[in-house]
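Undergrad: Pasting upload.cif below, which is mmCIF, C-alpha atoms (C1' of nucleotides).
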```cif
data_start
loop_
_atom_site.label_atom_id
_atom_site.label_comp_id
_atom_site.auth_asym_id
_atom_site.auth_seq_id
_atom_site.Cartn_x
_atom_site.Cartn_y
_atom_site.Cartn_z
CA MET A 236 40.73 2.60 81.17
CA LEU A 237 40.34 4.98 78.28
CA SER A 238 43.07 7.58 77.89
CA LYS A 239 42.28 11.28 78.16
CA LYS A 240 43.06 11.58 74.50
CA CYS A 241 40.28 9.13 73.73
CA LYS A 242 37.77 10.78 76.03
CA TYR A 243 38.64 14.18 74.58
CA ALA A 244 38.14 12.80 71.08
CA ILE A 245 34.75 11.34 71.89
CA HIS A 246 33.47 14.50 73.53
CA ALA A 247 34.73 16.68 70.71
CA LEU A 248 33.06 14.42 68.15
CA VAL A 249 29.76 14.43 69.99
CA TYR A 250 29.96 18.22 70.11
CA LEU A 251 30.56 18.29 66.36
CA ALA A 252 27.78 15.78 65.75
CA GLU A 253 25.31 18.07 67.50
CA ARG A 254 26.29 20.83 65.07
CA HIS A 255 26.48 18.61 62.04
CA GLY A 256 25.49 20.40 58.83
CA LYS A 257 25.91 23.85 60.32
CA GLY A 258 29.39 24.58 59.01
CA PRO A 259 32.87 24.33 60.52
CA VAL A 260 33.44 24.68 64.25
CA GLN A 261 36.70 26.12 65.52
CA ILE A 262 39.10 24.24 67.76
CA GLY A 263 38.93 27.00 70.36
CA GLU A 264 35.18 26.72 70.72
CA ILE A 265 35.32 22.95 71.19
CA ALA A 266 38.22 23.21 73.63
CA ASP A 267 36.47 25.82 75.76
CA SER A 268 33.11 24.10 75.92
CA GLN A 269 34.55 20.66 76.66
CA LYS A 270 37.37 21.80 78.95
CA ILE A 271 40.10 20.32 76.77
CA PRO A 272 43.62 21.86 76.53
CA LYS A 273 43.55 23.57 73.14
CA LYS A 274 46.94 22.50 71.83
CA PHE A 275 46.29 18.90 72.79
CA LEU A 276 42.90 18.95 71.10
CA GLU A 277 44.54 20.36 67.98
CA ALA A 278 46.68 17.26 67.64
CA ILE A 279 43.74 14.96 68.30
CA LEU A 280 41.48 16.57 65.71
CA LEU A 281 44.27 16.51 63.18
CA GLU A 282 44.64 12.80 63.66
CA LEU A 283 40.91 12.27 63.28
CA ARG A 284 41.08 14.30 60.10
CA ASN A 285 43.92 12.20 58.73
CA ASN A 286 41.83 9.14 59.46
CA ARG A 287 38.79 10.25 57.53
CA ILE A 288 36.54 11.05 60.43
CA LEU A 289 36.81 14.81 60.27
CA ASN A 290 37.31 17.38 57.58
CA SER A 291 38.76 20.81 58.06
CA LYS A 292 38.70 24.21 56.48
CA LYS A 293 41.55 26.65 56.88
CA GLY A 294 41.45 30.40 57.17
CA LYS A 295 38.75 32.74 58.37
CA GLY A 296 35.42 31.01 58.90
CA GLY A 297 37.29 27.71 58.96
CA GLY A 298 37.27 24.90 61.50
CA TYR A 299 36.44 21.22 61.79
CA TYR A 300 33.35 19.29 60.78
CA LEU A 301 32.34 15.62 60.44
CA GLN A 302 33.41 13.98 57.21
CA ARG A 303 30.56 11.46 57.41
CA SER A 304 27.09 11.60 58.91
CA PRO A 305 26.87 10.94 62.67
CA GLU A 306 25.10 7.63 62.00
CA GLU A 307 28.18 6.34 60.24
CA ILE A 308 30.71 7.09 62.97
CA SER A 309 30.73 4.64 65.87
CA LEU A 310 32.64 4.62 69.12
CA THR A 311 34.41 1.47 67.96
CA GLU A 312 36.26 3.40 65.31
CA VAL A 313 37.02 6.36 67.53
CA ILE A 314 38.38 4.21 70.34
CA ARG A 315 40.55 2.15 68.01
CA LEU A 316 42.09 5.30 66.60
CA THR A 317 42.67 7.16 69.83
CA ASN A 318 43.05 4.41 72.40
CA GLY A 319 44.15 1.31 70.51
CA PRO A 320 42.70 -2.20 70.68
CA ILE A 321 39.24 -2.90 72.10
CA ALA A 322 40.34 -6.36 73.20
CA LEU A 323 42.07 -6.91 76.53
CA LEU A 324 44.59 -9.35 75.06
CA PRO A 325 46.50 -8.82 71.79
CA CYS A 326 45.79 -12.42 70.78
CA VAL A 327 42.04 -11.81 70.63
CA SER A 328 42.20 -8.45 68.87
CA LEU A 329 40.60 -8.14 65.44
CA ASN A 330 42.45 -5.03 64.30
CA PHE A 331 45.62 -5.22 66.35
CA TYR A 332 46.29 -8.94 66.51
CA GLU A 333 49.59 -10.12 67.95
CA SER A 334 50.39 -13.30 69.77
CA CYS A 335 51.28 -12.66 73.41
CA GLU A 336 55.05 -12.85 73.38
CA GLU A 337 55.09 -14.72 76.64
CA CYS A 338 52.38 -17.10 75.46
CA VAL A 339 53.34 -20.74 75.86
CA ASN A 340 50.56 -22.21 73.73
CA GLU A 341 47.96 -19.95 72.15
CA LYS A 342 45.59 -22.70 71.06
CA ASN A 343 45.32 -24.12 74.53
CA CYS A 344 45.56 -20.80 76.34
CA THR A 345 43.36 -20.98 79.40
CA ILE A 346 42.13 -17.43 79.31
CA ARG A 347 41.79 -16.76 75.62
CA THR A 348 38.13 -17.62 75.18
CA THR A 349 37.11 -15.61 78.22
CA PHE A 350 38.64 -12.50 76.72
CA LEU A 351 37.28 -13.35 73.30
CA THR A 352 33.79 -13.32 74.76
CA ILE A 353 34.44 -10.01 76.47
CA ARG A 354 35.69 -8.52 73.23
CA ASP A 355 32.59 -9.66 71.37
CA GLU A 356 30.20 -8.26 73.95
CA THR A 357 32.09 -4.99 74.11
CA LEU A 358 32.11 -4.62 70.35
CA LYS A 359 28.39 -5.28 70.20
CA ILE A 360 27.68 -2.46 72.62
CA LEU A 361 30.16 -0.04 71.06
CA SER A 362 28.99 -0.58 67.50
CA GLU A 363 25.48 0.36 68.58
CA SER A 364 26.86 3.64 69.88
CA SER A 365 27.16 5.87 66.84
CA LEU A 366 27.60 9.58 67.33
CA ALA A 367 23.98 9.95 66.22
CA ALA A 368 22.84 7.52 68.90
CA LEU A 369 24.79 9.41 71.56
CA VAL A 370 23.37 12.78 70.53
CA LYS A 371 19.87 11.35 70.50
CA LYS A 372 20.34 9.93 73.98
CA GLN A 373 21.65 13.24 75.24
CA LYS A 374 18.65 15.17 73.99
CA LYS A 375 16.36 12.67 75.68
CA ASP A 376 18.21 12.98 78.99
CA ARG A 377 17.93 16.74 78.97
CA LYS A 378 14.15 16.65 78.93
CA MET B 16 44.86 -4.07 77.30
CA LEU B 17 45.94 -6.07 80.30
CA SER B 18 49.43 -5.39 81.59
CA LYS B 19 52.08 -8.09 81.58
CA LYS B 20 51.94 -8.06 85.33
CA CYS B 21 48.28 -9.02 85.17
CA LYS B 22 48.78 -11.73 82.58
CA TYR B 23 51.69 -13.14 84.56
CA ALA B 24 49.52 -13.18 87.68
CA ILE B 25 46.67 -15.00 85.96
CA HIS B 26 48.93 -17.64 84.44
CA ALA B 27 50.75 -18.20 87.70
CA LEU B 28 47.46 -18.59 89.54
CA VAL B 29 46.08 -21.06 87.02
CA TYR B 30 49.30 -23.03 87.39
CA LEU B 31 48.85 -23.05 91.15
CA ALA B 32 45.18 -23.95 90.82
CA GLU B 33 46.10 -27.05 88.84
CA ARG B 34 48.32 -28.12 91.71
CA HIS B 35 45.95 -27.07 94.46
CA GLY B 36 46.15 -29.28 97.52
CA LYS B 37 49.51 -30.73 96.58
CA GLY B 38 51.69 -28.50 98.73
CA PRO B 39 53.69 -25.33 98.01
CA VAL B 40 55.11 -24.61 94.56
CA GLN B 41 58.32 -22.66 94.20
CA ILE B 42 58.61 -19.35 92.37
CA GLY B 43 61.33 -20.74 90.14
CA GLU B 44 59.16 -23.59 88.91
CA ILE B 45 56.27 -21.26 88.05
CA ALA B 46 58.58 -18.77 86.38
CA ASP B 47 60.23 -21.41 84.23
CA SER B 48 57.05 -23.12 83.10
CA GLN B 49 55.20 -19.89 82.33
CA LYS B 50 58.14 -17.97 80.87
CA ILE B 51 57.92 -15.20 83.45
CA PRO B 52 61.03 -13.28 84.66
CA LYS B 53 61.62 -14.75 88.10
CA LYS B 54 62.32 -11.55 90.00
CA PHE B 55 59.25 -9.89 88.54
CA LEU B 56 57.09 -12.87 89.42
CA GLU B 57 58.45 -12.73 92.96
CA ALA B 58 57.02 -9.26 93.42
CA ILE B 59 53.68 -10.23 91.87
CA LEU B 60 53.21 -13.31 94.04
CA LEU B 61 54.12 -11.33 97.11
CA GLU B 62 51.40 -8.82 96.31
CA LEU B 63 48.87 -11.59 95.77
CA ARG B 64 49.90 -13.00 99.10
CA ASN B 65 49.44 -9.68 100.84
CA ASN B 66 45.98 -9.52 99.32
CA ARG B 67 44.82 -12.85 100.64
CA ILE B 68 44.87 -14.77 97.41
CA LEU B 69 48.04 -16.72 98.07
CA ASN B 70 49.80 -18.11 101.08
CA SER B 71 53.48 -18.86 101.31
CA LYS B 72 55.82 -21.04 103.20
CA LYS B 73 59.43 -20.06 103.76
CA GLY B 74 62.49 -22.23 103.87
CA LYS B 75 63.24 -25.59 102.39
CA GLY B 76 60.20 -27.25 100.86
CA GLY B 77 58.47 -23.88 100.87
CA GLY B 78 56.75 -21.98 98.10
CA TYR B 79 53.38 -20.50 97.22
CA TYR B 80 49.91 -22.02 97.29
CA LEU B 81 46.33 -20.78 96.98
CA GLN B 82 44.86 -19.39 100.15
CA ARG B 83 41.32 -20.24 99.03
CA SER B 84 39.89 -22.95 96.83
CA PRO B 85 40.08 -22.30 93.05
CA GLU B 86 36.28 -21.91 92.93
CA GLU B 87 36.50 -18.91 95.18
CA ILE B 88 39.08 -16.94 93.18
CA SER B 89 37.74 -15.20 90.10
CA LEU B 90 39.49 -13.23 87.40
CA THR B 91 37.61 -10.14 88.54
CA GLU B 92 39.57 -10.06 91.75
CA VAL B 93 42.89 -10.86 90.12
CA ILE B 94 42.51 -8.17 87.46
CA ARG B 95 41.46 -5.53 89.96
CA LEU B 96 44.55 -6.25 92.04
CA THR B 97 47.10 -6.44 89.27
CA ASN B 98 45.63 -4.25 86.55
CA GLY B 99 43.26 -1.82 88.26
CA PRO B 100 39.67 -0.99 87.34
CA ILE B 101 37.55 -3.24 85.13
CA ALA B 102 35.55 -0.26 83.87
CA LEU B 103 36.76 1.85 80.98
CA LEU B 104 35.78 5.12 82.66
CA PRO B 105 36.51 5.98 86.30
CA CYS B 106 32.97 7.33 86.71
CA VAL B 107 31.44 3.90 86.09
CA SER B 108 33.87 1.93 88.24
CA LEU B 109 32.52 0.05 91.24
CA ASN B 110 35.78 -0.34 93.11
CA PHE B 111 37.79 2.60 91.82
CA TYR B 112 35.13 5.27 91.38
CA GLU B 113 36.25 8.80 90.55
CA SER B 114 34.48 11.47 88.60
CA CYS B 115 36.29 12.25 85.36
CA GLU B 116 38.15 15.45 86.17
CA GLU B 117 37.35 16.92 82.80
CA CYS B 118 33.70 15.92 83.06
CA VAL B 119 31.35 18.83 82.47
CA ASN B 120 28.20 17.14 83.72
CA GLU B 121 28.29 13.56 84.95
CA LYS B 122 24.54 13.05 85.15
CA ASN B 123 24.03 14.07 81.55
CA CYS B 124 27.27 12.59 80.26
CA THR B 125 26.61 11.24 76.79
CA ILE B 126 28.83 8.22 77.03
CA ARG B 127 28.38 7.13 80.61
CA THR B 128 25.62 4.57 80.11
CA THR B 129 27.38 2.96 77.19
CA PHE B 130 30.41 2.26 79.35
CA LEU B 131 28.24 1.24 82.26
CA THR B 132 26.70 -1.46 80.08
CA ILE B 133 30.13 -2.60 78.95
CA ARG B 134 31.31 -2.82 82.54
CA ASP B 135 28.30 -4.92 83.52
CA GLU B 136 28.73 -7.35 80.67
CA THR B 137 32.47 -7.63 81.31
CA LEU B 138 31.94 -8.26 85.01
CA LYS B 139 29.38 -10.94 84.26
CA ILE B 140 31.84 -12.83 82.07
CA LEU B 141 34.78 -12.36 84.41
CA SER B 142 32.93 -13.42 87.53
CA GLU B 143 32.03 -16.69 85.82
CA SER B 144 35.73 -17.28 85.24
CA SER B 145 37.02 -18.67 88.50
CA LEU B 146 40.40 -20.38 88.55
CA ALA B 147 38.51 -23.64 88.86
CA ALA B 148 36.51 -22.89 85.72
CA LEU B 149 39.68 -22.06 83.81
CA VAL B 150 41.43 -25.25 84.88
CA LYS B 151 38.38 -27.29 83.97
CA LYS B 152 38.24 -25.69 80.54
CA GLN B 153 41.93 -26.35 80.00
CA LYS B 154 41.60 -30.05 80.76
CA LYS B 155 38.69 -30.29 78.33
CA ASP B 156 40.69 -28.55 75.57
CA ARG B 157 43.57 -30.94 75.95
CA LYS B 158 41.43 -33.95 75.14
"C1'" DG C 173 47.95 42.32 47.85
"C1'" DG C 174 48.39 42.61 52.71
"C1'" DA C 175 46.33 41.73 57.22
"C1'" DT C 176 43.99 38.47 59.75
"C1'" DT C 177 42.24 34.03 60.92
"C1'" DA C 178 42.54 29.32 61.56
"C1'" DG C 179 44.36 24.78 60.66
"C1'" DT C 180 49.21 22.06 59.93
"C1'" DC C 181 53.51 20.36 61.09
"C1'" DT C 182 57.73 19.47 63.68
"C1'" DA C 183 59.89 19.28 67.72
"C1'" DC C 184 60.20 18.91 72.33
"C1'" DC C 185 59.50 17.64 77.27
"C1'" DA C 186 57.97 16.42 82.12
"C1'" DA C 187 55.54 13.10 84.72
"C1'" DT C 188 54.01 8.64 85.31
"C1'" DT C 189 53.69 3.80 84.63
"C1'" DT C 190 55.52 -0.42 83.28
"C1'" DT C 191 58.77 -3.91 83.41
"C1'" DA C 192 62.03 -5.23 85.19
"C1'" DT C 193 66.96 -6.26 88.22
"C1'" DA C 194 70.19 -6.40 92.38
"C1'" DG C 195 71.20 -7.63 96.69
"C1'" DA C 196 70.78 -7.93 101.55
"C1'" DG C 197 67.62 -9.90 105.09
"C1'" DT C 198 64.64 -13.41 107.27
"C1'" DT C 199 62.69 -17.86 108.28
"C1'" DA C 200 62.24 -22.84 108.25
"C1'" DA C 201 63.94 -27.48 107.48
"C1'" DC C 202 67.25 -30.84 107.92
"C1'" DG D 8 74.70 -24.20 111.06
"C1'" DT D 9 74.03 -24.74 106.30
"C1'" DT D 10 70.93 -24.57 102.75
"C1'" DA D 11 66.63 -23.44 100.55
"C1'" DA D 12 63.24 -20.32 99.72
"C1'" DC D 13 60.43 -16.31 100.52
"C1'" DT D 14 60.76 -10.93 101.87
"C1'" DC D 15 61.99 -6.33 101.54
"C1'" DT D 16 64.21 -2.11 99.85
"C1'" DA D 17 66.27 0.25 96.35
"C1'" DT D 18 67.17 1.29 91.76
"C1'" DA D 19 66.45 2.06 86.87
"C1'" DA D 20 65.65 1.62 81.75
"C1'" DA D 21 61.97 2.01 78.52
"C1'" DA D 22 57.57 3.20 77.09
"C1'" DT D 23 53.43 5.84 77.40
"C1'" DT D 24 50.73 9.77 78.46
"C1'" DG D 25 49.52 14.44 78.57
"C1'" DG D 26 50.82 18.65 77.23
"C1'" DT D 27 53.46 22.93 75.12
"C1'" DA D 28 56.06 26.03 71.68
"C1'" DG D 29 56.57 28.01 67.58
"C1'" DA D 30 57.14 28.35 62.76
"C1'" DC D 31 54.42 27.42 58.53
"C1'" DT D 32 50.55 27.29 55.19
"C1'" DA D 33 46.16 28.32 53.29
"C1'" DA D 34 41.89 30.95 52.93
"C1'" DT D 35 39.17 35.07 53.53
"C1'" DC D 36 38.23 39.92 53.61
"C1'" DC D 37 39.05 44.44 52.80
#
```
Mind turning this structure into structure tokens?
TA:
Amino acid sequence: MLSKKCKYAIHALVYLAERHGKGPVQIGEIADSQKIPKKFLEAILLELRNNRILNSKKGKGGGYYLQRSPEEISLTEVIRLTNGPIALLPCVSLNFYESCEECVNEKNCTIRTTFLTIRDETLKILSESSLAALVKKQKKDRK
Amino acid sequence: MLSKKCKYAIHALVYLAERHGKGPVQIGEIADSQKIPKKFLEAILLELRNNRILNSKKGKGGGYYLQRSPEEISLTEVIRLTNGPIALLPCVSLNFYESCEECVNEKNCTIRTTFLTIRDETLKILSESSLAALVKKQKKDRK
DNA sequence: GGATTAGTCTACCAATTTTATAGAGTTAAC
DNA sequence: GTTAACTCTATAAAATTGGTAGACTAATCC
């Protein structure tokens, strides 16, 4: 399951994507509208900033805004940053590969291909979910 | 990612599936061959037993064995028991449904359908992975 | 240039979950 | 009645998660 941190990050980013191009949005506003503890959100947004997803502006009139266009930010990237690997086993992870320490024989591992397939399918779906796609979907649903 | 408990459970079950019909297998033998801490495995097998996946026999010549045929035990069931929900969000879980406590509006939730699709694809792959299928695959790989 | 606003950084911490281990108890076989 | 093997209860270290406190820095506005 996704951690709260990850869910908070996604919702905050979608909120920012909706307001993309309209200047910085303050942490407090995002926290209030998305019901996220403010101090916790602070740390999350900072991390997203340090990982080139967000930019920030200090001082009066400051806040956070997307560093790239909503089309170029996908859930894949957000989940990897805030929740870790997409794969269910370390030995089939693209970005966080590790052999399972208890693994007796990785090549002949019975379950490896099953979880490789799951990873591939999951990645396919996630990479189609950019922030832009999510915002578009949301607008449609509201009609 | 899957917990060690879950990976241990899967590997132990595949081991038992290979020996299905040949009488009980002792915890110690499974633990040794799969590099699983024996005491931890004890607790896992007991839980699988209490959930109708395994049966056990006490005393000399005793051990654990599958309660059903390997065709009838799928990874879906094993993961749910030892790792929890398959879904990445509680609000799209079939067996562990809960609304996300921080959710502002579940019906119009931006990300719900994405994770619903992921759950469906994952379940499809997992349900095709019975213990029998895994054992069959393993034999093929060894050739 | 000082007051205010808003992000940054460091440190901390409680609760929960994970990954075990110890040891006494029970049952079955021989 | 001894031995082999599962069962049950208790305990606990380590890691992760979710969250808070407070001092610091930078930008704006008057």
Undergrad: Take the PyMOL selection byres ((chain D) within 6 of (chain B)), apply it to the structure above, and return the hits as an MDAnalysis selection string.
TA: chainID D and resid 11:13
Undergrad: Please identify all residues of chain B having at least one atom at most 9 Å from any atom of chain A, considering all atoms listed in the file, and return them as a PyMOL selection string.
TA: chain B and resi 16-17+19+22-23+25-26+29+48-51+99-105+117-119+122-126+129-130+132-134+136-137+140-141+144+149-150+152-153+156-157
Undergrad: Give me the box for segment 293-299 of chain A as lines of an AutoDock Vina configuration file, namely the centre and edge lengths in Å to one decimal of a box along x, y and z that holds every listed atom plus 8 Å on each side.
TA:
```
center_x = 38.5
center_y = 27.0
center_z = 59.3
size_x = 22.1
size_y = 27.5
size_z = 20.9
```
Undergrad: Measuring between all atoms listed in the file, which one of C:DA187, C:DG174, C:DA201, C:DT180 shows the shortest distance to chain A?
TA: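 Residue with the minimum atom-to-atom distance to chain A: C:DT180.
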Undergrad: Which of these residues is nearest to Ile288 of chain A, using all atoms listed in the file: A:Leu248, A:Ala367, A:Ile314, A:Ile265?
TA: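 Answer, going by the shortest atom-to-atom distance: A:Leu248.
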Undergrad: Counting all atoms listed in the file, collect the residues of chain C whose closest atom lies at most 10 Å from chain A, and write them out as a PDB file with C-alpha atoms (C1' of nucleotides), in the coordinates of the input.
TA:
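Generated output (selection-v8.pdb):
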```pdb
ATOM      1  C1'  DT C 176      43.990  38.470  59.750  1.00  0.00           C
ATOM      2  C1'  DT C 177      42.240  34.030  60.920  1.00  0.00           C
ATOM      3  C1'  DA C 178      42.540  29.320  61.560  1.00  0.00           C
ATOM      4  C1'  DG C 179      44.360  24.780  60.660  1.00  0.00           C
ATOM      5  C1'  DT C 180      49.210  22.060  59.930  1.00  0.00           C
ATOM      6  C1'  DC C 181      53.510  20.360  61.090  1.00  0.00           C
TER       7       DC C 181
END
```
Undergrad: I need the residue set behind the PyMOL selection byres ((chain D and resi 17-30) around 12) for this file; please write it as number ranges by chain.
TA: A: 237-241, 243, 271-279, 318; C: 180-196; D: 15-16, 31-32
Undergrad: Interatomic distance between atom CA of Tyr112 of chain B and atom CA of Ser89 of chain B?
TA: 20.7 Å
Undergrad: Could you tell me how far atom CA of Ala32 of chain B lies from atom CA of Pro85 of chain B, in Å and to one decimal?
TA: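 One can read the atom CA of Ala32 of chain B to atom CA of Pro85 of chain B distance as 5.8 Å.
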Undergrad: Work out how far apart atom CA of Thr91 of chain B and atom CA of Ser365 of chain A are and give it in Å to one decimal.
TA: 28.9 Å
Undergrad: Residues picked by the PyMOL selection byres ((chain A and resi 255) around 10) here, as a PyMOL selection string?
TA: chain A and resi 248-254+256-260+300-305+367
Undergrad: What would segment 97-106 of chain B look like with all heavy atoms restored, written as a JSON list (two decimals), in the frame of the given file?
TA:
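After the write, rebuild24.json holds the following:
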```json
[["chain", "number", "residue", "atom", "x", "y", "z"],
["B", 97, "THR", "N", 45.86, -6.55, 90.03],
["B", 97, "THR", "CA", 47.10, -6.44, 89.27],
["B", 97, "THR", "C", 47.00, -5.52, 88.06],
["B", 97, "THR", "O", 48.01, -5.21, 87.44],
["B", 97, "THR", "CB", 47.55, -7.83, 88.76],
["B", 97, "THR", "OG1", 46.50, -8.41, 87.98],
["B", 97, "THR", "CG2", 47.88, -8.74, 89.92],
["B", 98, "ASN", "N", 45.79, -5.09, 87.74],
["B", 98, "ASN", "CA", 45.63, -4.25, 86.55],
["B", 98, "ASN", "C", 44.77, -3.02, 86.80],
["B", 98, "ASN", "O", 44.68, -2.15, 85.94],
["B", 98, "ASN", "CB", 44.99, -5.08, 85.42],
["B", 98, "ASN", "CG", 45.23, -4.51, 84.05],
["B", 98, "ASN", "OD1", 46.34, -4.55, 83.54],
["B", 98, "ASN", "ND2", 44.20, -3.93, 83.45],
["B", 99, "GLY", "N", 44.12, -2.97, 87.96],
["B", 99, "GLY", "CA", 43.26, -1.82, 88.26],
["B", 99, "GLY", "C", 41.82, -2.04, 87.85],
["B", 99, "GLY", "O", 41.36, -3.18, 87.76],
["B", 100, "PRO", "N", 41.10, -0.95, 87.59],
["B", 100, "PRO", "CA", 39.67, -0.99, 87.34],
["B", 100, "PRO", "C", 39.28, -1.86, 86.15],
["B", 100, "PRO", "O", 40.03, -1.95, 85.18],
["B", 100, "PRO", "CB", 39.31, 0.47, 87.02],
["B", 100, "PRO", "CG", 40.44, 1.27, 87.55],
["B", 100, "PRO", "CD", 41.64, 0.40, 87.51],
["B", 101, "ILE", "N", 38.12, -2.49, 86.24],
["B", 101, "ILE", "CA", 37.55, -3.24, 85.13],
["B", 101, "ILE", "C", 36.90, -2.26, 84.14],
["B", 101, "ILE", "O", 36.97, -2.43, 82.94],
["B", 101, "ILE", "CB", 36.45, -4.21, 85.62],
["B", 101, "ILE", "CG1", 36.96, -5.10, 86.77],
["B", 101, "ILE", "CG2", 35.89, -5.03, 84.47],
["B", 101, "ILE", "CD1", 37.88, -6.19, 86.35],
["B", 102, "ALA", "N", 36.28, -1.23, 84.68],
["B", 102, "ALA", "CA", 35.55, -0.26, 83.87],
["B", 102, "ALA", "C", 36.50, 0.55, 82.99],
["B", 102, "ALA", "O", 37.68, 0.69, 83.29],
["B", 102, "ALA", "CB", 34.76, 0.68, 84.77],
["B", 103, "LEU", "N", 35.95, 1.06, 81.90],
["B", 103, "LEU", "CA", 36.76, 1.85, 80.98],
["B", 103, "LEU", "C", 36.75, 3.34, 81.33],
["B", 103, "LEU", "O", 37.54, 4.11, 80.82],
["B", 103, "LEU", "CB", 36.26, 1.64, 79.54],
["B", 103, "LEU", "CG", 36.53, 0.24, 78.97],
["B", 103, "LEU", "CD1", 35.86, 0.05, 77.62],
["B", 103, "LEU", "CD2", 38.03, -0.01, 78.85],
["B", 104, "LEU", "N", 35.82, 3.73, 82.17],
["B", 104, "LEU", "CA", 35.78, 5.12, 82.66],
["B", 104, "LEU", "C", 35.76, 5.09, 84.18],
["B", 104, "LEU", "O", 35.05, 4.27, 84.77],
["B", 104, "LEU", "CB", 34.52, 5.83, 82.18],
["B", 104, "LEU", "CG", 34.34, 6.09, 80.69],
["B", 104, "LEU", "CD1", 33.00, 6.76, 80.43],
["B", 104, "LEU", "CD2", 35.48, 6.96, 80.16],
["B", 105, "PRO", "N", 36.50, 5.97, 84.83],
["B", 105, "PRO", "CA", 36.51, 5.98, 86.30],
["B", 105, "PRO", "C", 35.13, 6.22, 86.89],
["B", 105, "PRO", "O", 34.80, 5.70, 87.96],
["B", 105, "PRO", "CB", 37.46, 7.14, 86.65],
["B", 105, "PRO", "CG", 37.62, 7.93, 85.41],
["B", 105, "PRO", "CD", 37.38, 7.01, 84.26],
["B", 106, "CYS", "N", 34.28, 6.96, 86.16],
["B", 106, "CYS", "CA", 32.97, 7.33, 86.71],
["B", 106, "CYS", "C", 31.97, 6.19, 86.64],
["B", 106, "CYS", "O", 30.84, 6.33, 87.11],
["B", 106, "CYS", "CB", 32.43, 8.56, 85.98],
["B", 106, "CYS", "SG", 32.11, 8.26, 84.24]]
```
